[in-house]
file my_file-v8.cif (mmCIF, C-alpha atoms)
data_data
loop_
_atom_site.group_PDB
_atom_site.id
_atom_site.type_symbol
_atom_site.label_atom_id
_atom_site.label_comp_id
_atom_site.auth_asym_id
_atom_site.auth_seq_id
_atom_site.Cartn_x
_atom_site.Cartn_y
_atom_site.Cartn_z
ATOM 1 C CA MET A 1 -28.703 77.151 -139.623
ATOM 2 C CA LYS A 2 -26.600 79.690 -141.501
ATOM 3 C CA ARG A 3 -23.124 80.284 -140.038
ATOM 4 C CA GLY A 4 -23.071 83.500 -138.068
ATOM 5 C CA SER A 5 -26.727 83.279 -137.072
ATOM 6 C CA THR A 6 -27.594 83.246 -133.388
ATOM 7 C CA ILE A 7 -29.405 80.237 -131.938
ATOM 8 C CA ARG A 8 -31.521 80.763 -128.824
ATOM 9 C CA ARG A 9 -32.204 77.877 -126.442
ATOM 10 C CA GLU A 10 -34.271 77.903 -123.269
ATOM 11 C CA THR A 11 -34.311 75.378 -120.434
ATOM 12 C CA SER A 12 -35.442 75.357 -116.820
ATOM 13 C CA GLU A 13 -31.957 76.588 -115.908
ATOM 14 C CA GLY A 14 -32.041 79.625 -118.165
ATOM 15 C CA ILE A 15 -31.401 80.922 -121.664
ATOM 16 C CA THR A 16 -28.397 80.479 -123.938
ATOM 17 C CA LEU A 17 -27.541 82.360 -127.089
ATOM 18 C CA GLU A 18 -24.962 80.753 -129.356
ATOM 19 C CA ARG A 19 -23.269 82.129 -132.445
ATOM 20 C CA LYS A 20 -20.732 80.086 -134.398
ATOM 21 C CA MET A 21 -18.285 81.893 -136.640
ATOM 22 C CA ILE A 22 -15.396 80.423 -138.619
ATOM 23 C CA THR A 23 -12.875 80.760 -135.806
ATOM 24 C CA ARG A 24 -14.964 81.887 -132.846
ATOM 25 C CA ARG A 25 -17.913 80.436 -130.949
ATOM 26 C CA TYR A 26 -19.857 82.892 -128.795
ATOM 27 C CA LEU A 27 -22.028 81.642 -125.949
ATOM 28 C CA LEU A 28 -24.060 83.978 -123.737
ATOM 29 C CA GLU A 29 -25.887 82.422 -120.783
ATOM 30 C CA VAL A 30 -28.619 83.788 -118.537
ATOM 31 C CA MET A 31 -28.670 81.813 -115.268
ATOM 32 C CA ARG A 32 -32.233 81.795 -114.049
ATOM 33 C CA GLU A 33 -31.438 80.897 -110.439
ATOM 34 C CA ARG A 34 -29.409 84.108 -110.114
ATOM 35 C CA CYS A 35 -31.388 86.513 -112.277
ATOM 36 C CA ILE A 36 -33.650 88.874 -110.328
ATOM 37 C CA GLY A 37 -35.172 90.629 -113.306
ATOM 38 C CA CYS A 38 -33.668 93.987 -112.414
ATOM 39 C CA GLU A 39 -33.403 96.798 -114.915
ATOM 40 C CA VAL A 40 -29.613 97.143 -115.089
ATOM 41 C CA CYS A 41 -28.927 94.977 -118.140
ATOM 42 C CA VAL A 42 -32.095 96.209 -119.856
ATOM 43 C CA LEU A 43 -30.942 99.807 -119.538
ATOM 44 C CA ALA A 44 -27.301 99.044 -120.320
ATOM 45 C CA CYS A 45 -27.802 97.108 -123.545
ATOM 46 C CA PRO A 46 -26.820 99.371 -126.468
ATOM 47 C CA GLN A 47 -28.762 97.180 -128.911
ATOM 48 C CA GLU A 48 -31.990 97.174 -126.854
ATOM 49 C CA ALA A 49 -31.829 93.394 -127.130
ATOM 50 C CA ILE A 50 -32.819 92.646 -123.524
ATOM 51 C CA GLU A 51 -36.374 92.702 -122.276
ATOM 52 C CA ARG A 52 -37.531 92.273 -118.718
ATOM 53 C CA GLN A 53 -40.057 89.514 -118.089
ATOM 54 C CA PRO A 54 -42.249 90.485 -115.101
ATOM 55 C CA GLY A 55 -42.734 88.211 -112.132
ATOM 56 C CA LEU A 56 -45.962 87.322 -110.399
ATOM 57 C CA VAL A 57 -47.091 88.737 -107.062
ATOM 58 C CA GLU A 58 -49.866 86.882 -105.248
ATOM 59 C CA ASN A 59 -51.288 87.858 -101.859
ATOM 60 C CA GLY A 60 -48.417 90.259 -101.334
ATOM 61 C CA SER A 61 -45.668 87.683 -101.897
ATOM 62 C CA LEU A 62 -43.530 86.959 -104.939
ATOM 63 C CA ALA A 63 -44.973 83.788 -106.461
ATOM 64 C CA GLN A 64 -42.783 83.861 -109.565
ATOM 65 C CA ARG A 65 -39.475 85.656 -109.936
ATOM 66 C CA PRO A 66 -39.050 88.144 -112.759
ATOM 67 C CA THR A 67 -36.319 87.457 -115.278
ATOM 68 C CA ILE A 68 -35.067 88.666 -118.661
ATOM 69 C CA ASP A 69 -35.166 87.553 -122.262
ATOM 70 C CA ILE A 70 -32.676 88.395 -125.001
ATOM 71 C CA ASP A 71 -33.543 88.888 -128.669
ATOM 72 C CA PRO A 72 -31.056 86.764 -130.651
ATOM 73 C CA ALA A 73 -31.525 88.948 -133.716
ATOM 74 C CA LYS A 74 -30.344 92.051 -131.835
ATOM 75 C CA CYS A 75 -27.643 90.762 -129.465
ATOM 76 C CA ASN A 76 -24.101 91.359 -130.730
ATOM 77 C CA PHE A 77 -22.332 89.599 -127.811
ATOM 78 C CA CYS A 78 -20.601 92.790 -126.705
ATOM 79 C CA GLY A 79 -20.750 91.810 -123.033
ATOM 80 C CA GLU A 80 -21.920 95.117 -121.541
ATOM 81 C CA CYS A 81 -24.676 93.260 -119.697
ATOM 82 C CA VAL A 82 -22.135 90.792 -118.297
ATOM 83 C CA VAL A 83 -19.925 93.555 -116.905
ATOM 84 C CA LEU A 84 -22.805 95.405 -115.250
ATOM 85 C CA CYS A 85 -25.016 92.596 -113.945
ATOM 86 C CA PRO A 86 -24.993 93.132 -110.160
ATOM 87 C CA VAL A 87 -25.727 89.473 -109.345
ATOM 88 C CA ASN A 88 -23.510 87.650 -111.883
ATOM 89 C CA ALA A 89 -26.505 86.177 -113.686
ATOM 90 C CA LEU A 90 -24.953 86.534 -117.148
ATOM 91 C CA ARG A 91 -21.917 84.699 -118.447
ATOM 92 C CA LEU A 92 -20.161 85.075 -121.788
ATOM 93 C CA THR A 93 -17.588 82.696 -123.217
ATOM 94 C CA ILE A 94 -15.750 82.722 -126.518
ATOM 95 C CA ASN A 95 -14.363 79.394 -127.682
ATOM 96 C CA GLY A 96 -15.207 78.008 -124.279
ATOM 97 C CA GLN A 97 -13.213 80.572 -122.310
ATOM 98 C CA PRO A 98 -14.584 83.544 -120.338
ATOM 99 C CA GLU A 99 -14.095 86.673 -122.439
ATOM 100 C CA VAL A 100 -15.916 90.002 -122.595
ATOM 101 C CA PRO A 101 -15.258 91.962 -125.824
ATOM 102 C CA VAL A 102 -16.004 95.405 -124.349
ATOM 103 C CA LEU A 103 -13.311 94.755 -121.751
ATOM 104 C CA GLN A 104 -10.938 92.977 -124.116
ATOM 105 C CA TYR A 105 -10.981 95.879 -126.572
ATOM 106 C CA GLU A 106 -11.091 98.564 -123.851
ATOM 107 C CA ALA A 107 -14.497 99.903 -124.806
ATOM 108 C CA PHE A 108 -15.554 99.511 -121.173
ATOM 109 C CA PRO A 109 -13.663 100.043 -117.934
ATOM 110 C CA GLU A 110 -13.300 97.438 -115.204
ATOM 111 C CA LEU A 111 -15.653 98.021 -112.307
ATOM 112 C CA ILE A 112 -13.822 98.712 -109.058
ATOM 113 C CA LYS A 113 -14.967 96.061 -106.621
ATOM 114 C CA GLY A 114 -13.296 93.615 -104.320
ATOM 115 C CA ILE A 115 -13.080 91.890 -101.001
ATOM 116 C CA SER A 116 -10.083 91.455 -98.717
ATOM 117 C CA VAL A 117 -9.887 89.015 -95.836
ATOM 118 C CA ASN A 118 -8.103 89.175 -92.495
ATOM 119 C CA VAL A 119 -8.067 85.524 -91.423
ATOM 120 C CA ALA A 120 -6.448 86.281 -88.074
ATOM 121 C CA ALA A 121 -9.430 88.438 -87.041
ATOM 122 C CA LEU A 122 -11.945 85.589 -87.243
ATOM 123 C CA LEU A 123 -12.397 83.896 -83.883
ATOM 124 C CA PRO A 124 -13.511 80.232 -83.762
ATOM 125 C CA GLU A 125 -16.907 81.148 -82.326
ATOM 126 C CA GLY A 126 -17.583 83.426 -85.292
ATOM 127 C CA VAL A 127 -17.148 80.838 -88.062
ATOM 128 C CA THR A 128 -20.824 79.910 -88.389
ATOM 129 C CA ALA A 129 -21.983 83.539 -88.529
ATOM 130 C CA CYS A 130 -19.255 84.316 -91.049
ATOM 131 C CA GLU A 131 -20.345 81.650 -93.503
ATOM 132 C CA ALA A 132 -24.079 82.185 -92.912
ATOM 133 C CA SER A 133 -23.869 85.925 -93.583
ATOM 134 C CA CYS A 134 -23.243 85.478 -97.322
ATOM 135 C CA PRO A 135 -26.483 85.453 -99.379
ATOM 136 C CA THR A 136 -24.695 83.815 -102.319
ATOM 137 C CA GLU A 137 -22.830 81.251 -100.192
ATOM 138 C CA VAL A 138 -19.409 82.059 -101.622
ATOM 139 C CA ILE A 139 -17.569 82.130 -98.276
ATOM 140 C CA SER A 140 -16.030 78.960 -96.899
ATOM 141 C CA VAL A 141 -13.906 78.689 -93.768
ATOM 142 C CA GLN A 142 -11.264 76.029 -93.287
ATOM 143 C CA ALA A 143 -10.846 75.226 -89.620
ATOM 144 C CA GLU A 144 -9.602 72.672 -87.139
ATOM 145 C CA ARG A 145 -12.289 71.033 -85.002
ATOM 146 C CA ASP A 146 -12.261 68.924 -81.878
ATOM 147 C CA ALA A 147 -13.947 65.543 -81.451
ATOM 148 C CA SER A 148 -17.321 67.184 -80.811
ATOM 149 C CA GLY A 149 -17.082 69.233 -84.034
ATOM 150 C CA ARG A 150 -16.435 72.523 -82.265
ATOM 151 C CA VAL A 151 -14.069 74.878 -84.129
ATOM 152 C CA THR A 152 -10.798 75.269 -82.278
ATOM 153 C CA ARG A 153 -8.712 77.186 -84.822
ATOM 154 C CA VAL A 154 -9.381 79.047 -88.062
ATOM 155 C CA LEU A 155 -6.945 78.060 -90.805
ATOM 156 C CA ASP A 156 -8.135 79.953 -93.860
ATOM 157 C CA ILE A 157 -11.068 81.780 -95.438
ATOM 158 C CA GLN A 158 -11.872 81.317 -99.116
ATOM 159 C CA VAL A 159 -14.117 83.657 -101.122
ATOM 160 C CA ASP A 160 -15.308 82.744 -104.619
ATOM 161 C CA GLU A 161 -15.104 86.239 -106.085
ATOM 162 C CA SER A 162 -16.422 85.091 -109.450
ATOM 163 C CA ASN A 163 -19.806 84.749 -107.754
ATOM 164 C CA CYS A 164 -19.495 87.412 -105.041
ATOM 165 C CA ILE A 165 -21.977 90.297 -105.339
ATOM 166 C CA TYR A 166 -20.085 92.579 -102.900
ATOM 167 C CA CYS A 167 -23.128 93.276 -100.742
ATOM 168 C CA GLN A 168 -21.113 93.877 -97.527
ATOM 169 C CA GLN A 169 -23.206 91.479 -95.436
ATOM 170 C CA CYS A 170 -20.043 89.621 -94.413
ATOM 171 C CA GLU A 171 -18.367 92.884 -93.445
ATOM 172 C CA ALA A 172 -21.243 93.726 -91.107
ATOM 173 C CA ALA A 173 -21.503 90.229 -89.633
ATOM 174 C CA CYS A 174 -17.765 89.783 -89.071
ATOM 175 C CA PRO A 175 -16.195 93.186 -88.250
ATOM 176 C CA GLY A 176 -12.496 93.331 -88.968
ATOM 177 C CA VAL A 177 -12.501 90.107 -90.970
ATOM 178 C CA PHE A 178 -13.782 91.382 -94.323
ATOM 179 C CA SER A 179 -13.332 94.657 -96.166
ATOM 180 C CA VAL A 180 -15.612 95.028 -99.177
ATOM 181 C CA THR A 181 -15.553 97.562 -102.004
ATOM 182 C CA LYS A 182 -18.978 97.894 -103.585
ATOM 183 C CA PRO A 183 -19.009 99.305 -107.158
ATOM 184 C CA TRP A 184 -22.433 100.980 -107.065
ATOM 185 C CA GLU A 185 -23.411 104.109 -105.153
ATOM 186 C CA GLY A 186 -26.893 105.575 -104.860
ATOM 187 C CA ARG A 187 -29.876 105.771 -102.579
ATOM 188 C CA VAL A 188 -33.225 104.126 -101.966
ATOM 189 C CA ILE A 189 -36.271 106.257 -101.225
ATOM 190 C CA LEU A 190 -39.161 104.542 -99.451
ATOM 191 C CA ASP A 191 -42.682 105.902 -99.151
ATOM 192 C CA VAL A 192 -44.070 103.246 -96.832
ATOM 193 C CA ALA A 193 -47.415 105.012 -96.690
ATOM 194 C CA ARG A 194 -47.975 103.729 -100.230
ATOM 195 C CA CYS A 195 -47.090 100.117 -99.409
ATOM 196 C CA PRO A 196 -50.088 97.769 -99.731
ATOM 197 C CA GLU A 197 -50.922 96.050 -96.464
ATOM 198 C CA GLY A 198 -49.180 92.701 -96.145
ATOM 199 C CA CYS A 199 -47.080 93.139 -99.277
ATOM 200 C CA ARG A 200 -43.489 91.906 -99.149
ATOM 201 C CA ALA A 201 -42.668 91.351 -102.832
ATOM 202 C CA CYS A 202 -39.684 93.724 -102.644
ATOM 203 C CA VAL A 203 -38.289 91.818 -99.660
ATOM 204 C CA ASP A 204 -38.688 88.528 -101.529
ATOM 205 C CA ILE A 205 -36.734 89.722 -104.587
ATOM 206 C CA CYS A 206 -33.934 91.598 -102.801
ATOM 207 C CA PRO A 207 -30.732 89.568 -103.385
ATOM 208 C CA THR A 208 -28.896 90.946 -100.347
ATOM 209 C CA GLU A 209 -31.556 91.277 -97.627
ATOM 210 C CA ALA A 210 -31.132 95.039 -97.726
ATOM 211 C CA LEU A 211 -34.929 95.257 -97.517
ATOM 212 C CA VAL A 212 -36.579 93.609 -94.516
ATOM 213 C CA MET A 213 -39.854 93.775 -92.637
ATOM 214 C CA ARG A 214 -39.568 94.907 -89.021
ATOM 215 C CA ASN A 215 -42.692 94.953 -86.884
ATOM 216 C CA GLY A 216 -44.774 94.967 -90.018
ATOM 217 C CA HIS A 217 -42.940 97.921 -91.580
ATOM 218 C CA LEU A 218 -40.585 97.951 -94.549
ATOM 219 C CA VAL A 219 -37.071 99.203 -93.807
ATOM 220 C CA VAL A 220 -33.906 99.395 -95.882
ATOM 221 C CA ASP A 221 -30.288 99.033 -94.831
ATOM 222 C CA GLU A 222 -28.371 100.696 -97.635
ATOM 223 C CA ARG A 223 -25.079 99.201 -96.522
ATOM 224 C CA PHE A 224 -26.195 96.069 -98.343
ATOM 225 C CA CYS A 225 -28.047 97.603 -101.307
ATOM 226 C CA LEU A 226 -26.728 96.973 -104.832
ATOM 227 C CA TYR A 227 -29.000 99.651 -106.341
ATOM 228 C CA CYS A 228 -30.120 97.094 -108.901
ATOM 229 C CA GLY A 229 -33.715 98.331 -108.916
ATOM 230 C CA ALA A 230 -35.290 94.877 -108.677
ATOM 231 C CA CYS A 231 -37.414 95.980 -105.717
ATOM 232 C CA GLN A 232 -38.753 98.966 -107.621
ATOM 233 C CA GLN A 233 -39.604 96.729 -110.563
ATOM 234 C CA VAL A 234 -41.682 94.208 -108.566
ATOM 235 C CA CYS A 235 -43.426 96.760 -106.356
ATOM 236 C CA PRO A 236 -47.129 96.851 -107.329
ATOM 237 C CA VAL A 237 -47.509 100.520 -106.342
ATOM 238 C CA GLU A 238 -45.651 103.187 -108.305
ATOM 239 C CA GLY A 239 -43.658 105.493 -106.073
ATOM 240 C CA ALA A 240 -43.533 103.269 -102.999
ATOM 241 C CA ILE A 241 -39.891 102.468 -103.747
ATOM 242 C CA ARG A 242 -37.524 104.572 -105.810
ATOM 243 C CA VAL A 243 -33.947 103.556 -106.527
ATOM 244 C CA GLU A 244 -31.454 106.171 -107.662
ATOM 245 C CA ARG A 245 -28.052 105.175 -108.981
ATOM 246 C CA ARG A 246 -25.561 108.002 -108.577
ATOM 247 C CA ARG A 247 -22.150 106.592 -109.374
ATOM 248 C CA ILE A 248 -20.340 103.475 -110.556
ATOM 249 C CA LEU A 249 -16.746 103.015 -109.428
ATOM 250 C CA HIS A 250 -14.501 102.060 -112.312
ATOM 251 C CA THR A 251 -11.032 102.253 -113.794
ATOM 252 C CA PRO A 252 -10.187 105.138 -116.187
ATOM 253 C CA ILE A 253 -12.499 105.463 -119.176
ATOM 254 C CA LYS A 254 -11.283 104.273 -122.569
ATOM 255 C CA SER A 255 -14.317 104.823 -124.793
ATOM 256 C CA GLY A 256 -17.503 106.800 -125.246
ATOM 257 C CA ALA A 257 -19.443 103.524 -125.019
ATOM 258 C CA TRP A 258 -19.130 103.738 -121.246
ATOM 259 C CA THR A 259 -20.460 107.286 -121.129
ATOM 260 C CA SER A 260 -23.495 106.178 -123.123
ATOM 261 C CA ALA A 261 -24.087 103.328 -120.691
ATOM 262 C CA VAL A 262 -23.833 105.686 -117.712
ATOM 263 C CA GLU A 263 -26.382 108.007 -119.315
ATOM 264 C CA ARG A 264 -28.841 105.122 -119.627
ATOM 265 C CA LEU A 265 -28.145 103.718 -116.156
ATOM 266 C CA ILE A 266 -27.832 106.891 -114.124
ATOM 267 C CA SER A 267 -28.691 110.128 -115.918
ATOM 268 C CA VAL A 268 -27.515 112.655 -118.458
ATOM 269 C CA GLU A 269 -25.937 114.515 -115.541
ATOM 270 C CA GLY A 270 -24.067 111.371 -114.559
ATOM 271 C CA ALA A 271 -22.735 111.027 -118.079
ATOM 272 C CA ALA A 272 -21.657 114.671 -117.997
ATOM 273 C CA ARG A 273 -19.678 113.980 -114.828
ATOM 274 C CA GLU A 274 -18.008 111.058 -116.580
ATOM 275 C CA LEU A 275 -17.047 113.274 -119.524
ATOM 276 C CA ALA A 276 -15.726 115.945 -117.184
ATOM 277 C CA ALA A 277 -13.620 113.380 -115.343
ATOM 278 C CA LYS A 278 -12.338 112.039 -118.657
ATOM 279 C CA SER A 279 -11.426 115.557 -119.800
ATOM 280 C CA GLN A 280 -9.553 116.276 -116.571
ATOM 281 C CA ALA A 281 -7.660 113.003 -116.807
ATOM 282 C CA LYS A 282 -6.691 113.778 -120.401
ATOM 283 C CA ARG A 283 -5.520 117.244 -119.396
ATOM 284 C CA ARG A 284 -3.343 115.779 -116.614
ATOM 285 C CA GLU A 285 -1.889 113.305 -119.088
ATOM 286 C CA VAL A 286 -1.001 116.075 -121.557
ATOM 287 C CA LEU A 287 0.479 118.276 -118.853
ATOM 288 C CA SER A 288 2.687 115.458 -117.624
ATOM 289 C CA PHE A 289 4.575 115.541 -120.934
ATOM 290 C CA LEU A 290 5.125 119.299 -120.957
ATOM 291 C CA PRO A 291 8.315 120.933 -119.627
ATOM 292 C CA ALA A 292 7.991 122.284 -116.080
ATOM 293 C CA ALA A 293 8.191 125.893 -117.284
ATOM 294 C CA ARG A 294 5.208 125.443 -119.607
ATOM 295 C CA ARG A 295 3.216 123.824 -116.798
ATOM 296 C CA GLY A 296 3.800 126.935 -114.711
ATOM 297 C CA GLU A 297 6.131 125.187 -112.292
ATOM 298 C CA GLY A 298 9.137 127.384 -112.912
#
call {"tool": "encode", "arguments": {"input": "my_file-v8.cif", "output": "structure tokens"}}
result
Amino acid sequence: MKRGSTIRRETSEGITLERKMITRRYLLEVMRERCIGCEVCVLACPQEAIERQPGLVENGSLAQRPTIDIDPAKCNFCGECVVLCPVNALRLTINGQPEVPVLQYEAFPELIKGISVNVAALLPEGVTACEASCPTEVISVQAERDASGRVTRVLDIQVDESNCIYCQQCEAACPGVFSVTKPWEGRVILDVARCPEGCRACVDICPTEALVMRNGHLVVDERFCLYCGACQQVCPVEGAIRVERRRILHTPIKSGAWTSAVERLISVEGAARELAAKSQAKRREVLSFLPAARRGEG
């Protein structure tokens, strides 16, 4: 294989793309057990290298999860998909170390997301619910237990943020213990009258249990929604579910590449808001260097 060419490999665990240069080895991985086949990376990719592979719905249930494929001839290992994947299904390393070029070279902002923990607020009787609330199982509680195994004192709470999807389930299950900042804002519009009888494909694919069936009816709790669009993608009836992304929280913009991504992910209007915010920030920066009299302060 010619140096600089991209090699694609596929296993039961997922897909890897590898490119070896003289001094750098790029490796992009798609982890199948995490991928939900949503449209975020497909829309975000500036090279149109990512294609969604549809799942299979049988008798109203999801028999095969959707996923994605990446064209090795188009992928340039920029990492935009890695930054934006809402479920951490993509991983990029360079020379064996995690590195994302669009972040490294400030072509993309960091998404604003996080989780803080108040260990003192977790009572011993709440430990099980605390750990069980996380759909990605990234919360672990260290505690003292008596001879019967009953928790007597909470010592610490650990959260693996590299795999956290910031769904806020823990915040709802353990009030006062967790505070979660979710990077995506939007809304989900349901037209349950269109839902086929007995269908629950959207519930099956939802990574956060934001969609559930209650008394035979589909309901959404948007506290937990990532606005990934996976539910809309698997729904067999157009218009039964519509996901609108309105805003992505992020650090100050450094490049027009981000505005282009926002236009693809949200809308032209969303990109216009990003440009307006960038213009205002630039104006404030310029004004900060001007004498007070020229700023109209004296």
call {"tool": "residues_around", "arguments": {"input": "my_file-v8.cif", "residues": "Glu197 in chain A", "least_positions_apart": "2", "cutoff": "9 Å", "atoms": "all atoms listed in the file", "output": "ChimeraX atom specification"}}
result
/A:60,195,199-200,216
call {"tool": "closest_atom_pairs", "arguments": {"input": "my_file-v8.cif", "of": "range 91-201 of chain A", "to": "range 15-18 of chain A", "cutoff": "12 Å", "atoms": "only C-alpha atoms", "output": "CSV"}}
result
residue,atom,partner,partner_atom,distance
A:Arg91,CA,A:Thr16,CA,9.5
A:Leu92,CA,A:Leu17,CA,9.5
A:Thr93,CA,A:Glu18,CA,9.8
A:Ile94,CA,A:Glu18,CA,9.8
A:Asn95,CA,A:Glu18,CA,10.8
A:Gly96,CA,A:Glu18,CA,11.3
call {"tool": "atom_distance", "arguments": {"input": "my_file-v8.cif", "atom1": "CA of Ile115 in chain A", "atom2": "CA of Asp160 in chain A"}}
result
10.1 Å
call {"tool": "closest_atom_pairs", "arguments": {"input": "my_file-v8.cif", "of": "range 14-122 of chain A", "to": "range 242-255 of chain A", "cutoff": "8 Å", "atoms": "all atoms listed in the file", "output": "JSON lines"}}
result
{"residue": "A:Glu106", "atom": "CA", "partner": "A:Lys254", "partner_atom": "CA", "distance": 5.9}
{"residue": "A:Ala107", "atom": "CA", "partner": "A:Ser255", "partner_atom": "CA", "distance": 4.9}
{"residue": "A:Phe108", "atom": "CA", "partner": "A:Ser255", "partner_atom": "CA", "distance": 6.5}
{"residue": "A:Pro109", "atom": "CA", "partner": "A:Thr251", "partner_atom": "CA", "distance": 5.4}
{"residue": "A:Glu110", "atom": "CA", "partner": "A:Thr251", "partner_atom": "CA", "distance": 5.5}
{"residue": "A:Leu111", "atom": "CA", "partner": "A:His250", "partner_atom": "CA", "distance": 4.2}
{"residue": "A:Ile112", "atom": "CA", "partner": "A:His250", "partner_atom": "CA", "distance": 4.7}
{"residue": "A:Lys113", "atom": "CA", "partner": "A:Leu249", "partner_atom": "CA", "distance": 7.7}
call {"tool": "resolve_selection", "arguments": {"input": "my_file-v8.cif", "expression": "the PyMOL selection byres ((chain A and resi 155) around 6)", "output": "list of chain:residue names"}}
result
A:Gln142, A:Ala143, A:Val154, A:Asp156
call {"tool": "write_last_selection", "arguments": {"input": "my_file-v8.cif", "atoms": "C-alpha atoms", "output": "PDB file, in the frame of the given file"}}
result
ATOM      1  CA  GLN A 142     -11.264  76.029 -93.287  1.00  0.00           C
ATOM      2  CA  ALA A 143     -10.846  75.226 -89.620  1.00  0.00           C
ATOM      3  CA  VAL A 154      -9.381  79.047 -88.062  1.00  0.00           C
ATOM      4  CA  ASP A 156      -8.135  79.953 -93.860  1.00  0.00           C
TER       5      ASP A 156
END
call {"tool": "resolve_selection", "arguments": {"input": "my_file-v8.cif", "expression": "the PyMOL selection byres ((chain A and resi 209-214) around 9)", "output": "list in words"}}
result
Pro135, Cys167, Gln169, Arg200, Cys202, Val203, Asp204, Ile205, Cys206, Pro207, Thr208, Asn215, Gly216, His217, Leu218, Val219, Val220, Asp221, Glu222, Arg223, Phe224, Cys225, Leu226 and Cys231 of chain A
call {"tool": "resolve_selection", "arguments": {"input": "my_file-v8.cif", "expression": "the PyMOL selection byres ((chain A and resi 234) around 12)", "output": "PyMOL selection string"}}
result
chain A and resi 36-39+52-58+60-67+199-206+228-233+235-242
call {"tool": "residues_near_point", "arguments": {"input": "my_file-v8.cif", "point": "(-21.1, 86.1, -98.4)", "cutoff": "10 Å", "atoms": "only C-alpha atoms", "output": "compact mmCIF listing (two decimals) with C-alpha atoms, in the coordinates of the input"}}
result
# COMPACT_ATOMS: atom_id res chain seq x y z
CA CYS A 130 -19.26 84.32 -91.05
CA GLU A 131 -20.34 81.65 -93.50
CA ALA A 132 -24.08 82.18 -92.91
CA SER A 133 -23.87 85.92 -93.58
CA CYS A 134 -23.24 85.48 -97.32
CA PRO A 135 -26.48 85.45 -99.38
CA THR A 136 -24.70 83.82 -102.32
CA GLU A 137 -22.83 81.25 -100.19
CA VAL A 138 -19.41 82.06 -101.62
CA ILE A 139 -17.57 82.13 -98.28
CA SER A 140 -16.03 78.96 -96.90
CA VAL A 159 -14.12 83.66 -101.12
CA ASP A 160 -15.31 82.74 -104.62
CA GLU A 161 -15.10 86.24 -106.08
CA ASN A 163 -19.81 84.75 -107.75
CA CYS A 164 -19.50 87.41 -105.04
CA ILE A 165 -21.98 90.30 -105.34
CA TYR A 166 -20.08 92.58 -102.90
CA CYS A 167 -23.13 93.28 -100.74
CA GLN A 168 -21.11 93.88 -97.53
CA GLN A 169 -23.21 91.48 -95.44
CA CYS A 170 -20.04 89.62 -94.41
CA GLU A 171 -18.37 92.88 -93.44
CA ALA A 173 -21.50 90.23 -89.63
CA PHE A 178 -13.78 91.38 -94.32
CA THR A 208 -28.90 90.95 -100.35
call {"tool": "atom_distance", "arguments": {"input": "my_file-v8.cif", "atom1": "CA of Gly256 in chain A", "atom2": "CA of Val30 in chain A"}}
result
26.4 Å
call {"tool": "atom_distance", "arguments": {"input": "my_file-v8.cif", "atom1": "CA of Cys174 in chain A", "atom2": "CA of Ala89 in chain A"}}
result
26.4 Å
call {"tool": "closest_residue", "arguments": {"input": "my_file-v8.cif", "among": "A:Gly198, A:Pro183, A:Gly14, A:Gly4", "to": "Pro86 in chain A", "atoms": "all atoms listed in the file"}}
result
A:Pro183
call {"tool": "residues_around", "arguments": {"input": "my_file-v8.cif", "residues": "Pro98 in chain A", "least_positions_apart": "6", "cutoff": "12 Å", "atoms": "only C-alpha atoms", "output": "list of chain:residue names"}}
result
A:Arg25, A:Tyr26, A:Leu27, A:Leu28, A:Glu29, A:Gly79, A:Val82, A:Val83, A:Leu90, A:Arg91, A:Leu92, A:Gln104, A:Ser162
call {"tool": "closest_residue", "arguments": {"input": "my_file-v8.cif", "among": "A:Asp191, A:Glu185, A:Asp71, A:Glu263", "to": "Thr6 in chain A", "atoms": "all atoms listed in the file"}}
result
A:Asp71
call {"tool": "axis_aligned_box", "arguments": {"input": "my_file-v8.cif", "around": "range 198-205 of chain A", "padding_each_side": "5 Å", "output": "AutoDock Vina command-line options"}}
result
--center_x -43.0 --center_y 91.1 --center_z -100.4 --size_x 22.4 --size_y 15.2 --size_z 18.4
call {"tool": "build_atoms", "arguments": {"input": "my_file-v8.cif", "residues": "range 42-47 of chain A", "atoms": "N, CA, C and O atoms", "output": "compact mmCIF listing (two decimals), keeping the file's coordinate frame"}}
result
# COMPACT_ATOMS: atom_id res chain seq x y z
N VAL A 42 -31.13 95.67 -118.89
CA VAL A 42 -32.10 96.21 -119.86
C VAL A 42 -31.70 97.62 -120.26
O VAL A 42 -31.69 97.98 -121.45
N LEU A 43 -31.34 98.43 -119.27
CA LEU A 43 -30.94 99.81 -119.54
C LEU A 43 -29.58 99.88 -120.21
O LEU A 43 -29.32 100.74 -121.05
N ALA A 44 -28.68 98.97 -119.83
CA ALA A 44 -27.30 99.04 -120.32
C ALA A 44 -27.16 98.62 -121.77
O ALA A 44 -26.30 99.13 -122.49
N CYS A 45 -27.99 97.70 -122.22
CA CYS A 45 -27.80 97.11 -123.54
C CYS A 45 -27.88 98.15 -124.66
O CYS A 45 -28.93 98.78 -124.86
N PRO A 46 -26.81 98.35 -125.41
CA PRO A 46 -26.82 99.37 -126.47
C PRO A 46 -27.66 98.96 -127.68
O PRO A 46 -28.01 99.80 -128.50
N GLN A 47 -27.97 97.67 -127.78
CA GLN A 47 -28.76 97.18 -128.91
C GLN A 47 -30.25 97.05 -128.58
O GLN A 47 -31.03 96.63 -129.43
